[in-house]
Structure formats: C-alpha cells, structure tokens
file structure_34.tsv (TSV, C-alpha atoms)
chain	number	residue	atom	x	y	z
A	57	MET	CA	73.66	150.44	101.83
A	58	LYS	CA	72.12	147.23	100.55
A	59	LEU	CA	71.01	147.57	96.93
A	60	LEU	CA	69.23	145.09	94.67
A	61	VAL	CA	70.11	145.41	90.97
A	62	THR	CA	67.79	143.60	88.55
A	63	GLY	CA	69.12	142.93	85.07
A	64	ALA	CA	72.51	142.71	86.79
A	65	ASN	CA	74.09	140.80	83.90
A	66	GLY	CA	72.80	143.23	81.28
A	67	TYR	CA	74.79	145.65	79.16
A	68	ILE	CA	74.49	148.46	81.72
A	69	GLY	CA	73.70	146.39	84.81
A	70	ARG	CA	77.13	144.72	84.99
A	71	TYR	CA	78.81	148.11	85.28
A	72	VAL	CA	76.29	149.42	87.80
A	73	VAL	CA	76.92	146.39	90.03
A	74	SER	CA	80.71	146.84	89.93
A	75	THR	CA	80.47	150.59	90.50
A	76	LEU	CA	78.29	150.14	93.59
A	77	LEU	CA	80.65	147.50	94.96
A	78	ASP	CA	83.63	149.81	94.38
A	79	MET	CA	81.74	152.46	96.38
A	80	GLY	CA	81.60	150.03	99.31
A	81	HIS	CA	77.94	149.00	99.14
A	82	GLU	CA	76.40	145.54	99.45
A	83	VAL	CA	74.90	144.44	96.13
A	84	LEU	CA	72.25	141.80	95.54
A	85	ALA	CA	72.22	140.79	91.87
A	86	SER	CA	69.19	139.42	90.02
A	87	ASP	CA	69.28	137.98	86.51
A	88	ILE	CA	68.76	134.79	84.52
A	89	ARG	CA	72.54	134.23	84.16
A	90	TYR	CA	75.48	135.57	86.14
A	91	ASP	CA	78.46	134.86	83.86
A	92	GLY	CA	79.35	138.58	83.53
A	93	VAL	CA	78.46	139.72	87.04
A	94	ASP	CA	81.12	140.91	89.49
A	95	GLU	CA	82.08	138.04	91.82
A	96	ARG	CA	81.75	140.31	94.85
A	97	ALA	CA	77.98	140.60	94.34
A	98	ILE	CA	75.49	138.27	96.04
A	99	LYS	CA	73.77	136.29	93.28
A	100	THR	CA	70.11	135.73	94.13
A	101	ASP	CA	67.87	132.86	93.02
A	102	VAL	CA	64.54	134.64	93.64
A	103	GLU	CA	62.26	134.58	90.60
A	104	LEU	CA	61.80	138.22	89.62
A	105	PHE	CA	58.37	137.86	88.02
A	106	SER	CA	56.89	135.22	90.31
A	107	GLY	CA	54.15	137.60	91.40
A	108	ALA	CA	54.92	136.80	95.05
A	109	GLU	CA	53.49	139.43	97.39
A	110	ASP	CA	56.40	138.90	99.81
A	111	ILE	CA	59.09	139.39	97.17
A	112	TYR	CA	60.61	142.33	99.11
A	113	GLU	CA	61.21	139.96	102.02
A	114	GLN	CA	62.45	137.20	99.65
A	115	PHE	CA	65.10	139.57	98.30
A	116	GLY	CA	66.33	140.38	101.82
A	117	GLU	CA	64.62	143.78	102.23
A	118	PRO	CA	67.11	145.97	100.34
A	119	ASP	CA	67.38	149.70	101.04
A	120	VAL	CA	67.16	150.50	97.33
A	121	VAL	CA	66.09	148.62	94.20
A	122	ILE	CA	67.64	149.55	90.84
A	123	HIS	CA	65.27	147.95	88.34
A	124	MET	CA	67.09	147.52	85.02
A	125	ALA	CA	65.76	144.13	83.89
A	126	TRP	CA	64.18	144.42	80.43
A	127	ARG	CA	64.08	142.09	77.43
A	128	ASN	CA	64.69	143.12	73.81
A	129	GLY	CA	65.69	146.67	74.65
A	130	PHE	CA	67.39	147.08	71.26
A	131	VAL	CA	64.35	145.73	69.32
A	132	HIS	CA	61.99	148.66	69.64
A	133	ASN	CA	58.85	146.99	68.32
A	134	ALA	CA	59.20	143.54	69.91
A	135	PRO	CA	55.81	142.36	71.30
A	136	SER	CA	57.52	141.41	74.58
A	137	HIS	CA	57.60	145.08	75.63
A	138	ILE	CA	53.81	145.21	75.95
A	139	ASP	CA	53.37	141.57	76.95
A	140	GLU	CA	55.72	141.86	79.93
A	141	LEU	CA	54.74	145.36	81.12
A	142	PRO	CA	52.25	143.97	83.70
A	143	LYS	CA	55.01	141.75	85.17
A	144	HIS	CA	57.32	144.73	85.67
A	145	TYR	CA	54.57	146.71	87.37
A	146	GLU	CA	53.56	143.77	89.57
A	147	PHE	CA	57.17	143.38	90.72
A	148	ILE	CA	57.47	147.09	91.54
A	149	LYS	CA	54.04	147.16	93.23
A	150	ASN	CA	54.82	144.16	95.45
A	151	MET	CA	58.25	145.56	96.39
A	152	LEU	CA	56.74	148.90	97.42
A	153	GLU	CA	53.79	147.39	99.26
A	154	GLY	CA	56.25	145.08	101.03
A	155	GLY	CA	58.13	148.03	102.50
A	156	LEU	CA	60.66	149.29	99.90
A	157	LYS	CA	61.28	153.02	100.40
A	158	GLN	CA	63.44	153.93	97.39
A	159	ILE	CA	63.31	152.64	93.82
A	160	VAL	CA	65.38	153.57	90.77
A	161	VAL	CA	64.03	152.46	87.38
A	162	MET	CA	65.84	152.56	84.04
A	163	GLY	CA	63.96	154.68	81.54
A	164	SER	CA	64.75	155.89	78.03
A	165	MET	CA	64.86	159.05	75.94
A	166	HIS	CA	62.51	157.18	73.57
A	167	GLU	CA	59.63	157.79	76.02
A	168	VAL	CA	59.56	161.37	74.78
A	169	GLY	CA	59.15	160.42	71.11
A	170	TYR	CA	59.77	163.00	68.40
A	171	HIS	CA	61.29	166.09	69.99
A	172	GLU	CA	63.84	168.68	68.95
A	173	GLY	CA	66.09	170.16	71.62
A	174	ALA	CA	66.87	169.39	75.25
A	175	ILE	CA	64.71	167.01	77.28
A	176	ASP	CA	63.97	167.85	80.90
A	177	GLU	CA	61.60	166.29	83.42
A	178	ASN	CA	58.67	168.38	82.16
A	179	THR	CA	59.06	167.56	78.46
A	180	PRO	CA	55.77	166.05	77.17
A	181	CYS	CA	55.93	162.39	76.12
A	182	ASN	CA	54.52	160.96	72.91
A	183	PRO	CA	56.24	157.54	72.53
A	184	ARG	CA	56.38	156.08	69.01
A	185	SER	CA	57.48	152.46	69.47
A	186	LEU	CA	56.30	149.53	71.60
A	187	TYR	CA	59.46	149.81	73.71
A	188	ALA	CA	58.89	153.51	74.34
A	189	ILE	CA	55.17	153.07	75.08
A	190	ALA	CA	55.91	150.33	77.61
A	191	LYS	CA	58.65	152.35	79.36
A	192	ASN	CA	56.47	155.45	79.46
A	193	SER	CA	53.55	153.50	80.91
A	194	LEU	CA	55.77	151.88	83.54
A	195	ARG	CA	57.07	155.32	84.52
A	196	GLN	CA	53.53	156.63	85.07
A	197	LEU	CA	52.51	153.54	87.03
A	198	THR	CA	55.66	153.60	89.16
A	199	PHE	CA	55.30	157.26	90.14
A	200	LEU	CA	51.65	156.69	91.02
A	201	LYS	CA	52.49	153.72	93.25
A	202	CYS	CA	55.45	155.47	94.89
A	203	GLU	CA	53.23	158.42	95.76
A	204	GLU	CA	50.69	156.05	97.31
A	205	CYS	CA	53.38	154.20	99.30
A	206	LYS	CA	55.29	157.39	100.18
A	207	ALA	CA	58.47	156.02	98.60
A	208	ILE	CA	61.24	157.84	96.74
A	209	CYS	CA	61.05	157.34	92.96
A	210	GLN	CA	64.03	158.06	90.71
A	211	TRP	CA	63.42	157.45	87.02
A	212	VAL	CA	66.77	157.54	85.20
A	213	ARG	CA	66.58	158.25	81.48
A	214	GLY	CA	69.32	156.82	79.30
A	215	TYR	CA	70.40	158.30	75.97
A	216	TYR	CA	72.83	157.04	73.29
A	217	ILE	CA	75.15	154.60	75.07
A	218	LEU	CA	78.51	153.37	73.80
A	219	GLY	CA	81.48	151.44	75.16
A	220	ASP	CA	81.93	147.66	75.50
A	221	ASP	CA	80.71	147.76	71.94
A	222	LEU	CA	80.39	144.09	71.03
A	223	LYS	CA	77.71	143.71	73.68
A	224	ASN	CA	75.40	146.66	73.06
A	225	ASN	CA	73.91	145.96	69.59
A	226	SER	CA	74.31	149.62	68.57
A	227	ILE	CA	75.81	151.17	65.45
A	228	PHE	CA	79.18	150.96	67.23
A	229	SER	CA	78.89	147.21	67.82
A	230	LYS	CA	77.93	146.65	64.18
A	231	LEU	CA	80.85	148.79	63.04
A	232	THR	CA	83.27	146.91	65.30
A	233	GLN	CA	82.00	143.58	63.98
A	234	ALA	CA	82.35	144.79	60.37
A	235	HIS	CA	85.97	145.75	61.07
A	236	MET	CA	86.65	142.35	62.64
A	237	ASP	CA	85.16	140.72	59.55
A	238	GLY	CA	87.62	142.64	57.36
A	239	LYS	CA	85.05	144.81	55.62
A	240	LYS	CA	86.24	148.09	54.10
A	241	GLU	CA	82.84	149.77	53.69
A	242	PHE	CA	79.96	150.24	56.11
A	243	PRO	CA	76.41	151.15	54.95
A	244	PHE	CA	75.20	154.15	56.95
A	245	THR	CA	72.39	156.69	57.26
A	246	THR	CA	72.88	160.39	56.52
A	247	GLY	CA	74.40	160.69	60.01
A	248	LYS	CA	72.97	164.19	60.42
A	249	ASN	CA	70.90	163.44	63.52
A	250	LYS	CA	72.38	164.80	66.75
A	251	TYR	CA	72.31	162.71	69.93
A	252	ASP	CA	73.50	162.72	73.52
A	253	PHE	CA	76.30	160.13	73.71
A	254	ILE	CA	77.56	158.67	76.98
A	255	ASP	CA	80.05	155.90	77.75
A	256	VAL	CA	78.49	152.95	79.58
A	257	LYS	CA	80.99	153.25	82.46
A	258	GLU	CA	80.12	156.91	83.01
A	259	LEU	CA	76.41	156.04	82.78
A	260	ALA	CA	76.90	153.37	85.47
A	261	LYS	CA	78.58	155.94	87.74
A	262	GLN	CA	75.67	158.31	87.26
A	263	ILE	CA	73.05	155.63	88.00
A	264	ALA	CA	74.95	154.45	91.09
A	265	SER	CA	75.24	158.04	92.30
A	266	VAL	CA	71.50	158.62	91.82
A	267	ALA	CA	70.64	155.46	93.78
A	268	THR	CA	72.87	156.27	96.75
A	269	GLN	CA	71.29	159.64	97.54
A	270	THR	CA	67.72	160.82	98.18
A	271	GLU	CA	67.90	164.61	97.82
A	272	VAL	CA	67.31	164.59	94.05
A	273	ASP	CA	64.42	162.45	92.80
A	274	GLY	CA	61.83	162.30	90.01
A	275	ILE	CA	62.91	162.03	86.37
A	276	ILE	CA	66.70	162.32	86.14
A	277	ASN	CA	68.54	162.44	82.82
A	278	CYS	CA	71.69	160.32	82.94
A	279	CYS	CA	73.49	161.94	80.05
A	280	SER	CA	76.29	164.21	78.86
A	281	GLY	CA	74.00	167.14	78.05
A	282	GLU	CA	75.87	167.73	74.76
A	283	PRO	CA	74.37	167.02	71.29
A	284	ILE	CA	76.82	165.55	68.75
A	285	SER	CA	75.95	164.44	65.23
A	286	LEU	CA	75.91	160.70	64.66
A	287	ALA	CA	78.30	161.12	61.72
A	288	ASP	CA	80.85	163.02	63.83
A	289	ARG	CA	80.68	160.50	66.67
A	290	VAL	CA	80.97	157.47	64.38
A	291	GLU	CA	83.80	159.01	62.33
A	292	GLY	CA	85.51	159.77	65.64
A	293	TYR	CA	84.99	156.19	66.78
A	294	ILE	CA	86.62	154.91	63.57
A	295	LYS	CA	89.67	157.15	64.15
A	296	GLU	CA	89.91	156.29	67.88
A	297	ASN	CA	90.05	152.59	67.06
A	298	ASN	CA	92.17	152.91	63.87
A	299	PHE	CA	89.58	151.07	61.77
A	300	ASP	CA	90.30	150.89	58.03
A	301	ILE	CA	86.67	151.28	57.06
A	302	LYS	CA	84.66	153.88	55.16
A	303	LEU	CA	81.08	154.96	55.86
A	304	ILE	CA	78.69	154.80	52.90
A	305	TYR	CA	76.39	157.72	53.67
A	306	GLY	CA	72.72	157.47	52.67
A	307	ALA	CA	72.72	153.68	52.22
A	308	PHE	CA	69.96	153.44	54.85
A	309	PRO	CA	67.13	155.93	55.49
A	310	ASP	CA	66.96	157.69	58.84
A	311	ARG	CA	64.28	156.20	61.12
A	312	ALA	CA	61.02	158.15	60.86
A	313	TYR	CA	60.69	158.46	64.64
A	314	ASP	CA	64.23	159.76	65.24
A	315	SER	CA	64.56	163.48	65.99
A	316	PRO	CA	66.99	165.74	64.11
A	317	ALA	CA	68.56	166.81	67.42
A	318	ILE	CA	67.72	165.52	70.88
A	319	TRP	CA	69.71	165.56	74.12
A	320	GLY	CA	69.25	165.51	77.87
A	321	ASP	CA	69.14	168.48	80.21
A	322	ASN	CA	71.87	167.46	82.68
A	323	THR	CA	71.02	169.95	85.46
A	324	LYS	CA	69.86	167.32	87.98
A	325	ILE	CA	72.59	164.75	87.33
A	326	LYS	CA	75.26	167.47	87.59
A	327	LYS	CA	73.87	168.44	91.00
A	328	ILE	CA	74.17	164.81	92.12
A	329	MET	CA	77.63	164.21	90.63
A	330	ASP	CA	79.08	167.50	91.93
A	331	LYS	CA	78.37	166.64	95.57
call {"tool": "encode", "arguments": {"input": "structure_34.tsv", "output": "structure tokens"}}
result
Amino acid sequence: MKLLVTGANGYIGRYVVSTLLDMGHEVLASDIRYDGVDERAIKTDVELFSGAEDIYEQFGEPDVVIHMAWRNGFVHNAPSHIDELPKHYEFIKNMLEGGLKQIVVMGSMHEVGYHEGAIDENTPCNPRSLYAIAKNSLRQLTFLKCEECKAICQWVRGYYILGDDLKNNSIFSKLTQAHMDGKKEFPFTTGKNKYDFIDVKELAKQIASVATQTEVDGIINCCSGEPISLADRVEGYIKENNFDIKLIYGAFPDRAYDSPAIWGDNTKIKKIMDK
C-alpha cells in the first residue's frame, strides 16, 4: 500500500512511519522538518495547508492518509488548536473530494472530557480544553465528510503515551530531565488518578495495523485497556531506570478536568491486532 503520514516527524509519527516501512509499505512523509524521519520514507514538499483543491493529486494519490499533524498537542489551551481547526478540515475535505477512500486521524481521550471508567466508541463527549474541543470538532466534521464521500474513516484515540521520553513533554520527560540535572526530589501531584498507559512503539504498531485494514472502522481506541495509577506507573518508571529521585506527593494540585480513573475499551484494537 501507499500511505501518506502527516506529522511524520512528530513524537508518534516517526514511529508510525518506520513501522509501516518495516511492514513493507510505501510511505510518503509530510512535515516541516525531516531530521527524525526514517530515511526509507519519501519526503514530500507539498504544503499541507495550502488549501489546494488538487492536494490529493499533489501527494501522489495515496491509498490511505494517516493525519497526525497537530501543533501544541501538549499545551491543551493554546489558541492554535481553534485557529488551525479550519485548516485541518480543509485538508481532509480536499483529500476526500479528490478521491481518497480511507483516512485515519489521530484523536485523543481528552475529547471525552470528564469521565470515570472505560471509554468506548459510544461514550458521550464533553471536551474541557481548547485542544479537546478542536479534536472533537474535527472528528465530527471528518465523519460527516467521509459519509458524504463514501470513504472509510478510522479515528484512533490515543491515551497516556510514554517511551522516547525526552521528546514527549510528559511527566516522564520532565522526570528524566530532572534526573539528568542531578535533582533528588521531584514535585508531584497526588498521583491517585488512574490512566491507560501505552508505549509509543506499541501505539505506532496499533495505528499502522488500523491503517492497513478496512474491516474495523469508526472510533478505535489505541490503548492497553488497563487502568494504572499515575503514582504506580511513575514509581515503576523510576525503578526501571534506576533514578535516584524521590517524588514529593501533593506539591501540585491535580488538574480539575482530569478524571479519577479513565481508560480505553480495547475490544476493537484487539480484534485488529489478533488477526
């Protein structure tokens, strides 16, 4: 298959590109820079948000588009999420109207908002940050357009991602940096919240597997399906890496929009991965 990956040099995108190439597919990569992109990929110079109606043709008419490009994903209330939403939709709209028959878009558990328990494709969404509102809106717009164009839509929801930790701006990257700086204490929340953790390499395998099949579509949770407390996972991370650092619990308040326990229902991704 020929697949276009946007955001190919991003935290997740780099691994998705390499995974697809290892599977034997042809990969077209789209990003602003390509310093971390697998050399086997074809680096494109097409402007993603040009608004060109023939952008599907410009990108070489790929079989599948995996749209992962997104700015400020770790800054949940950055104005860019709302400002750039129309550009994302215009890109998707022009690709579909140009002839694209299958699109995979990177979503987020944050679309759901405050929720306790497992998330499945029917869980109601009440997003509580600009990032979440923008992703949720793009999901609704994308499904609407795919239905109109009779194209396959696969919306992959990510959860709490770790691995390659100096590049992901998460609690794990901050902890790693603190260790490298020689710090012995690390200010922390209560750590009681439970999340669905997944390694970025496993996430990339799941996304690549979703994109290279058509039997399972709609909203697909790319996740482990297992809730683990943040404290347990971070303490485990410290032990795994032999860090000489102590967590200072309660130094920071828990975010108001974070749920006490939230994880993905992995029924659909298990069906895909077990093939």
call {"tool": "closest_residue", "arguments": {"input": "structure_34.tsv", "among": "A:Lys149, A:Arg195, A:His137, A:Lys257", "to": "Asp110 in chain A", "atoms": "only C-alpha atoms"}}
result
A:Lys149
call {"tool": "atom_distance", "arguments": {"input": "structure_34.tsv", "atom1": "CA of Ser193 in chain A", "atom2": "CA of Val256 in chain A"}}
result
25.0 Å
call {"tool": "atom_distance", "arguments": {"input": "structure_34.tsv", "atom1": "CA of Asp139 in chain A", "atom2": "CA of Gly66 in chain A"}}
result
20.0 Å
call {"tool": "atom_distance", "arguments": {"input": "structure_34.tsv", "atom1": "CA of Val83 in chain A", "atom2": "CA of Lys99 in chain A"}}
result
8.7 Å
call {"tool": "residues_around", "arguments": {"input": "structure_34.tsv", "residues": "range 312-321 of chain A", "least_positions_apart": "4", "cutoff": "7 Å", "atoms": "all atoms listed in the file", "output": "list in words"}}
result
Gly169, Tyr170, His171, Glu172, Gly173, Ala174, Ile175, Asp176, Arg184, Asn249, Lys250, Tyr251, Asp252, Asn277, Cys279, Gly281, Glu282 and Pro283 of chain A
call {"tool": "closest_atom_pairs", "arguments": {"input": "structure_34.tsv", "of": "range 149-228 of chain A", "to": "range 115-123 of chain A", "cutoff": "7 Å", "atoms": "only C-alpha atoms", "output": "tab-separated table"}}
result
residue	atom	partner	partner_atom	distance
A:Leu156	CA	A:Asp119	CA	6.8
A:Lys157	CA	A:Asp119	CA	7.0
A:Gln158	CA	A:Val120	CA	5.1
A:Ile159	CA	A:Val121	CA	4.9
A:Val160	CA	A:Ile122	CA	4.6
A:Val161	CA	A:His123	CA	4.8
A:Met162	CA	A:His123	CA	6.3
call {"tool": "residues_near_point", "arguments": {"input": "structure_34.tsv", "point": "(58.3, 161.5, 95.0)", "cutoff": "10 Å", "atoms": "only C-alpha atoms", "output": "NGL selection string"}}
result
:A and (158 or 199-210 or 270 or 272-275)
call {"tool": "closest_residue", "arguments": {"input": "structure_34.tsv", "among": "A:Val102, A:Leu303, A:Met151, A:Val61", "to": "Leu286 in chain A", "atoms": "all atoms listed in the file"}}
result
A:Leu303
call {"tool": "closest_residue", "arguments": {"input": "structure_34.tsv", "among": "A:Phe308, A:Phe242, A:Trp126, A:Phe147", "to": "Phe105 in chain A", "atoms": "only C-alpha atoms"}}
result
A:Phe147
call {"tool": "build_atoms", "arguments": {"input": "structure_34.tsv", "residues": "range 271-282 of chain A", "atoms": "all heavy atoms", "output": "PDB file, in the frame of the given file"}}
result
ATOM      1  N   GLU A 271      68.240 163.186  97.928  1.00  0.00           N
ATOM      2  CA  GLU A 271      67.900 164.610  97.820  1.00  0.00           C
ATOM      3  C   GLU A 271      67.284 164.942  96.457  1.00  0.00           C
ATOM      4  O   GLU A 271      66.347 165.741  96.364  1.00  0.00           O
ATOM      5  CB  GLU A 271      69.161 165.455  98.034  1.00  0.00           C
ATOM      6  CG  GLU A 271      68.893 166.945  98.044  1.00  0.00           C
ATOM      7  CD  GLU A 271      70.161 167.763  98.228  1.00  0.00           C
ATOM      8  OE1 GLU A 271      71.111 167.259  98.851  1.00  0.00           O
ATOM      9  OE2 GLU A 271      70.190 168.912  97.745  1.00  0.00           O
ATOM     10  N   VAL A 272      67.810 164.336  95.396  1.00  0.00           N
ATOM     11  CA  VAL A 272      67.310 164.590  94.050  1.00  0.00           C
ATOM     12  C   VAL A 272      66.521 163.367  93.585  1.00  0.00           C
ATOM     13  O   VAL A 272      67.054 162.257  93.545  1.00  0.00           O
ATOM     14  CB  VAL A 272      68.464 164.870  93.058  1.00  0.00           C
ATOM     15  CG1 VAL A 272      67.918 165.150  91.657  1.00  0.00           C
ATOM     16  CG2 VAL A 272      69.314 166.036  93.549  1.00  0.00           C
ATOM     17  N   ASP A 273      65.238 163.578  93.247  1.00  0.00           N
ATOM     18  CA  ASP A 273      64.420 162.450  92.800  1.00  0.00           C
ATOM     19  C   ASP A 273      63.625 162.844  91.554  1.00  0.00           C
ATOM     20  O   ASP A 273      63.925 163.835  90.900  1.00  0.00           O
ATOM     21  CB  ASP A 273      63.502 161.970  93.931  1.00  0.00           C
ATOM     22  CG  ASP A 273      62.550 163.067  94.415  1.00  0.00           C
ATOM     23  OD1 ASP A 273      62.528 164.169  93.819  1.00  0.00           O
ATOM     24  OD2 ASP A 273      61.823 162.817  95.397  1.00  0.00           O
ATOM     25  N   GLY A 274      62.610 162.049  91.218  1.00  0.00           N
ATOM     26  CA  GLY A 274      61.830 162.300  90.010  1.00  0.00           C
ATOM     27  C   GLY A 274      62.542 161.793  88.771  1.00  0.00           C
ATOM     28  O   GLY A 274      63.361 160.876  88.838  1.00  0.00           O
ATOM     29  N   ILE A 275      62.243 162.392  87.632  1.00  0.00           N
ATOM     30  CA  ILE A 275      62.910 162.030  86.370  1.00  0.00           C
ATOM     31  C   ILE A 275      64.293 162.666  86.357  1.00  0.00           C
ATOM     32  O   ILE A 275      64.436 163.878  86.551  1.00  0.00           O
ATOM     33  CB  ILE A 275      62.097 162.511  85.156  1.00  0.00           C
ATOM     34  CG1 ILE A 275      60.728 161.820  85.109  1.00  0.00           C
ATOM     35  CG2 ILE A 275      62.864 162.246  83.859  1.00  0.00           C
ATOM     36  CD1 ILE A 275      59.789 162.380  84.066  1.00  0.00           C
ATOM     37  N   ILE A 276      65.310 161.844  86.148  1.00  0.00           N
ATOM     38  CA  ILE A 276      66.700 162.320  86.140  1.00  0.00           C
ATOM     39  C   ILE A 276      67.366 161.860  84.851  1.00  0.00           C
ATOM     40  O   ILE A 276      67.440 160.660  84.576  1.00  0.00           O
ATOM     41  CB  ILE A 276      67.476 161.789  87.362  1.00  0.00           C
ATOM     42  CG1 ILE A 276      66.796 162.216  88.671  1.00  0.00           C
ATOM     43  CG2 ILE A 276      68.922 162.271  87.315  1.00  0.00           C
ATOM     44  CD1 ILE A 276      67.294 161.492  89.899  1.00  0.00           C
ATOM     45  N   ASN A 277      67.834 162.782  84.043  1.00  0.00           N
ATOM     46  CA  ASN A 277      68.540 162.440  82.820  1.00  0.00           C
ATOM     47  C   ASN A 277      69.970 162.019  83.130  1.00  0.00           C
ATOM     48  O   ASN A 277      70.744 162.813  83.672  1.00  0.00           O
ATOM     49  CB  ASN A 277      68.579 163.636  81.853  1.00  0.00           C
ATOM     50  CG  ASN A 277      67.220 163.970  81.288  1.00  0.00           C
ATOM     51  OD1 ASN A 277      66.475 163.090  80.884  1.00  0.00           O
ATOM     52  ND2 ASN A 277      66.882 165.246  81.275  1.00  0.00           N
ATOM     53  N   CYS A 278      70.306 160.775  82.824  1.00  0.00           N
ATOM     54  CA  CYS A 278      71.690 160.320  82.940  1.00  0.00           C
ATOM     55  C   CYS A 278      72.304 160.483  81.558  1.00  0.00           C
ATOM     56  O   CYS A 278      72.056 159.673  80.657  1.00  0.00           O
ATOM     57  CB  CYS A 278      71.737 158.874  83.433  1.00  0.00           C
ATOM     58  SG  CYS A 278      71.316 158.732  85.184  1.00  0.00           S
ATOM     59  N   CYS A 279      73.088 161.528  81.400  1.00  0.00           N
ATOM     60  CA  CYS A 279      73.490 161.940  80.050  1.00  0.00           C
ATOM     61  C   CYS A 279      74.718 162.842  80.116  1.00  0.00           C
ATOM     62  O   CYS A 279      75.221 163.164  81.187  1.00  0.00           O
ATOM     63  CB  CYS A 279      72.338 162.681  79.391  1.00  0.00           C
ATOM     64  SG  CYS A 279      71.883 164.211  80.273  1.00  0.00           S
ATOM     65  N   SER A 280      75.174 163.264  78.930  1.00  0.00           N
ATOM     66  CA  SER A 280      76.290 164.210  78.860  1.00  0.00           C
ATOM     67  C   SER A 280      75.782 165.643  78.772  1.00  0.00           C
ATOM     68  O   SER A 280      76.468 166.586  79.160  1.00  0.00           O
ATOM     69  CB  SER A 280      77.149 163.919  77.616  1.00  0.00           C
ATOM     70  OG  SER A 280      76.431 164.263  76.437  1.00  0.00           O
ATOM     71  N   GLY A 281      74.567 165.806  78.232  1.00  0.00           N
ATOM     72  CA  GLY A 281      74.000 167.140  78.050  1.00  0.00           C
ATOM     73  C   GLY A 281      74.517 167.847  76.813  1.00  0.00           C
ATOM     74  O   GLY A 281      74.241 169.027  76.612  1.00  0.00           O
ATOM     75  N   GLU A 282      75.269 167.112  75.951  1.00  0.00           N
ATOM     76  CA  GLU A 282      75.870 167.730  74.760  1.00  0.00           C
ATOM     77  C   GLU A 282      75.438 166.984  73.486  1.00  0.00           C
ATOM     78  O   GLU A 282      75.742 165.797  73.338  1.00  0.00           O
ATOM     79  CB  GLU A 282      77.385 167.708  74.858  1.00  0.00           C
ATOM     80  CG  GLU A 282      77.945 168.486  76.038  1.00  0.00           C
ATOM     81  CD  GLU A 282      79.456 168.386  76.128  1.00  0.00           C
ATOM     82  OE1 GLU A 282      80.063 167.800  75.202  1.00  0.00           O
ATOM     83  OE2 GLU A 282      80.017 168.865  77.122  1.00  0.00           O
TER      84      GLU A 282
END
